Amino acid sequence: MTTIIHPSPLPDVEIPEVTITQHVLRRADELADRVAIRDAAGTSSYTYTQLSAAIHSLAGGLAERGVQPGVVVGLMAPNLPEYAVVFHGVAVAGGAVTTINPTYGPEEVRHQLQDAGATLLFTVGPFVDTALSAIEGTDVTEVIVIGDAAPGTTGMADVFGEPIEQVSVDLATHTVVLPYSSGTTGLPKGVMLTHRNLVANIEQCIHAIKYTDDEVALAALPFFHIYGMQVLMNGLLANGVTTVSMPRFDMVEALTAVQELKITRFFAVPPIILGLAKAPIVGDYDTSSIRQIFSGAAPLGAELAAEAAARLGCEVVQGFGMTELSPVSHCTVEGDYRPGTSGVTVSNTESRIVDPDTGEDRGVGERGELWVRGPQVMTGYLNNPDATAATIDDDGWLHTGDVAIIDEFGHMTIVDRLKELIKFKGFQVAPAELEALIITHPKVADVAVIGVPDDEAGEVPKAFVSAVPGETITLDEIQALVSEHLVSYKQIQQLEVVEAIPKSAAGKILRKELRGR
Ligand code: 4UU
């Protein structure tokens with residue numbers, strides 16, 4: 001069988017031998033008094049000098065508390081400037097951060113803290129109750145509040161200490177961040193990303209997104225997710241772009257920030273693009289400062305992109321990423337947009353398109369599973385060599401679980417998905433997690449969950465359930481169970497009661513068959 005490698009059309013970049021924090025602060029001395037990160041509300045703001053000072057002082061305090069290589073710190077917070085201080089404070093001290101969705105319930109948080117082996121947890125006031133409940137049964141010994149301490153917690157102000165320099169770590173092997181992803185199958189797993197992974201991926205995008213000085217970007221996508229963490233927080237700071245953080249996306253607040261702060265880069269996911277294209281209020285704001293709108297995390301159709309672009313008067317472009325890829329492997333080059341595609345393979349990266357049935361490589365214009373190789377590929381899933389081996393092959397190719405086509409211009413379009421993953425507004429929903437929960441319902445004999453198309457969310461979870469003999473089961477009953485244990489976007493929105501769940505001889509759910517119904 002012949003291997004067909006689709007190379008990047010972009011020149012290779014040099015990957016500096018530095019930590020992610022050194023990279024993010026590489027221009028801190030030069031940019032000094034420029035605002036590095038502030039919130040949209042105007043309540044908190046750090047210049048590059050202040051950011052660097054806060055990071056190194058927090059690192060000193062964390063080191064005094066035992067943070068060092070091998071220690072994992074949970075960070076469960078919405079976007080706020082201090083997110084960067086905590087993230088990089090831990091990194092400088094040599095620890096690893098596991099970033100947690102702050103809207104999770106206690107069970108979801110507990111699972112991640114236990115799995116990652118976290119011993120400290122940072123959060124904000126509104127989530128203290130969840131945090132204190134979540135740490136029961138974990139190794140977390142202290143909850144630190146970004147802001148005022150609540151009973152049973154420590155205020156972050158008390159953690160700052162004597163500044164320290166970066167603790168020495170191996171750039172290529174030391175895990176600095178552990179975001180969670182379900183990958184191609186099963187439950188969410190810790191994705192081990194190194195300093196090299198993170199630094200490389202920021203540099204790999206420089207020929208695609210061409211920042212100039214004096215740019216201001218809206219950062220309303222969550223920093224706990226790899227897109228917000230790397231393309232927004234770290235990528236923007238490293239490129240000297242003033243980052244405007246917003247704790248949750250709200251169209252009016254976002255448009256107000258655009259108008260008042262002269263936002264030049266607007267980062268979004270497809271449901272936000274839908275709002276930009278359709279919401280009447282968009283016309284009430286001056287959005288002329290926007291140079292580019294960027295979408296990722298779920299497919300953005302050509303028509304919707306064009307509609308939003310015409311309305312806003314700028315390109316609405318797309319990138320493709322995955323937590324396991326730090327995250328970017330494909331990105332639109334400014335000025336070279338082909339609507340509907342996710343752009344070209346980024347620098348220092350190779351793509352393959354492989355027929356999932358035959359294992360044969362596919363050429364230009366043909367569909368197959370997208371495989372990616374480059375310095376942004378994770379080192380593996382935490383404590384899960386089997387899942388790692390099923391995802392990264394012996395030659396270093398990461399199998400994305402997505403079906404794609406690369407056209408004659410080198411532009412990649414995702415056309416289908418092989419893996420179980422459901423994307424609700426760009427958020428990951430793992431069918432296995434829902435199935436494990438729903439099967440505990442006393443009336444449920446068997447269950448399978450898939451994603452079904454939805455105009456607004458992209459996809460929504462649908463459950464197929466077979467009932468215990470003599471029982472009937474309703475959507476309300478399933479929803480009551482799910483809402484008790486899982487965050488709202490994992491809610492089952494459709495239910496179909498079936499005689500039996502279709503399975504292979506080996507007992508694997510035949511999801512394709514369910515999707516075809
Ligand atoms: C069709 O969603 C992400 C990362 C998104 C991202 C980040 C930076 C996109 C562009 C960018 O520049 O990561 P995960 O791990 O949450 O989800 C990964 C999955 C992919 O495997 C694919 O199924 O999300 C889906 N996905 C997309 N699908 C991501 N981007 C796209 C896309 N089109 N453009």
# chains A, B, ... in the order shown; residues from 1 in each chain; ligands from 1
$ residues_near_ligand --ligand "ligand 1" --cutoff "7 Å" --atoms "only C-alpha atoms and all ligand atoms" --output "PyMOL selection string"
chain A and resi 181+225-227+231+295-300+318-324+327-328+331+342+400-402+414+417+423+426-428
$ residues_around --residues "stretch 97-105 of chain A" --least-positions-apart "5" --cutoff "9 Å" --atoms "only C-alpha atoms" --output "PyMOL selection string"
chain A and resi 71-78+86-88+90-91+110+112-113+116+118+123-124+127+130-131+134+175-180+190+222-225+484-488
$ residues_around --residues "A:Ala63" --least-positions-apart "5" --cutoff "12 Å" --atoms "only C-alpha atoms" --output "list in words"
His56, Ser57, Leu58, Gln68, Pro69, Val71, Val73, Gly89, Val90, Ala91, Val92, Ala93, Gly94, Gly95, Val159, Phe160, Gly161, Glu162, Pro163, Ile164, Glu165, Gln166 and Val167 of chain A
$ closest_residue --among "A:Ala157, A:Leu187, A:Ile478, A:Ile144" --to "A:Leu132" --atoms "only C-alpha atoms"
A:Ile144
$ atom_distance --atom1 "atom CA of A:His441" --atom2 "atom CA of A:Arg511"
21.2 Å
$ closest_residue --among "A:Ser351, A:Ser326, A:Thr287, A:Gln114" --to "A:Thr3" --atoms "only C-alpha atoms"
A:Ser351
$ residues_around --residues "stretch 364-368 of chain A" --least-positions-apart "3" --cutoff "7 Å" --atoms "only C-alpha atoms" --output "list in words"
Ile353, Val354, Asp355, Pro356, Val403, Ala404, Ile405, Ile406, Asp407 and Glu408 of chain A
$ write_last_selection --atoms "N, CA, C and O atoms" --output "short mmCIF file (atom, residue, chain, number, x, y, z; two decimals), in the first residue's frame"
data_model
loop_
_atom_site.label_atom_id
_atom_site.label_comp_id
_atom_site.auth_asym_id
_atom_site.auth_seq_id
_atom_site.Cartn_x
_atom_site.Cartn_y
_atom_site.Cartn_z
N ILE A 353 -5.25 11.05 4.39
CA ILE A 353 -6.68 10.74 4.28
C ILE A 353 -6.72 9.24 4.04
O ILE A 353 -6.25 8.75 3.01
N VAL A 354 -7.25 8.49 5.02
CA VAL A 354 -7.15 7.03 4.96
C VAL A 354 -8.54 6.38 4.99
O VAL A 354 -9.35 6.69 5.87
N ASP A 355 -8.78 5.52 4.03
CA ASP A 355 -10.05 4.80 3.97
C ASP A 355 -10.20 3.95 5.23
O ASP A 355 -9.37 3.06 5.48
N PRO A 356 -11.22 4.20 6.04
CA PRO A 356 -11.33 3.47 7.31
C PRO A 356 -11.63 1.98 7.12
O PRO A 356 -11.34 1.19 8.01
N VAL A 403 -13.95 12.32 9.27
CA VAL A 403 -13.84 12.03 7.84
C VAL A 403 -13.69 13.36 7.10
O VAL A 403 -14.46 14.30 7.34
N ALA A 404 -12.69 13.40 6.21
CA ALA A 404 -12.37 14.67 5.55
C ALA A 404 -12.03 14.47 4.08
O ALA A 404 -11.75 13.35 3.64
N ILE A 405 -12.05 15.59 3.37
CA ILE A 405 -11.57 15.64 1.98
C ILE A 405 -10.57 16.79 1.91
O ILE A 405 -10.81 17.86 2.47
N ILE A 406 -9.45 16.56 1.22
CA ILE A 406 -8.52 17.65 0.94
C ILE A 406 -8.59 17.94 -0.56
O ILE A 406 -8.41 17.03 -1.38
N ASP A 407 -8.91 19.18 -0.91
CA ASP A 407 -9.12 19.51 -2.32
C ASP A 407 -7.81 19.87 -3.03
O ASP A 407 -6.73 19.84 -2.41
N GLU A 408 -7.92 20.20 -4.31
CA GLU A 408 -6.70 20.44 -5.11
C GLU A 408 -5.94 21.68 -4.65
O GLU A 408 -4.80 21.89 -5.02
#
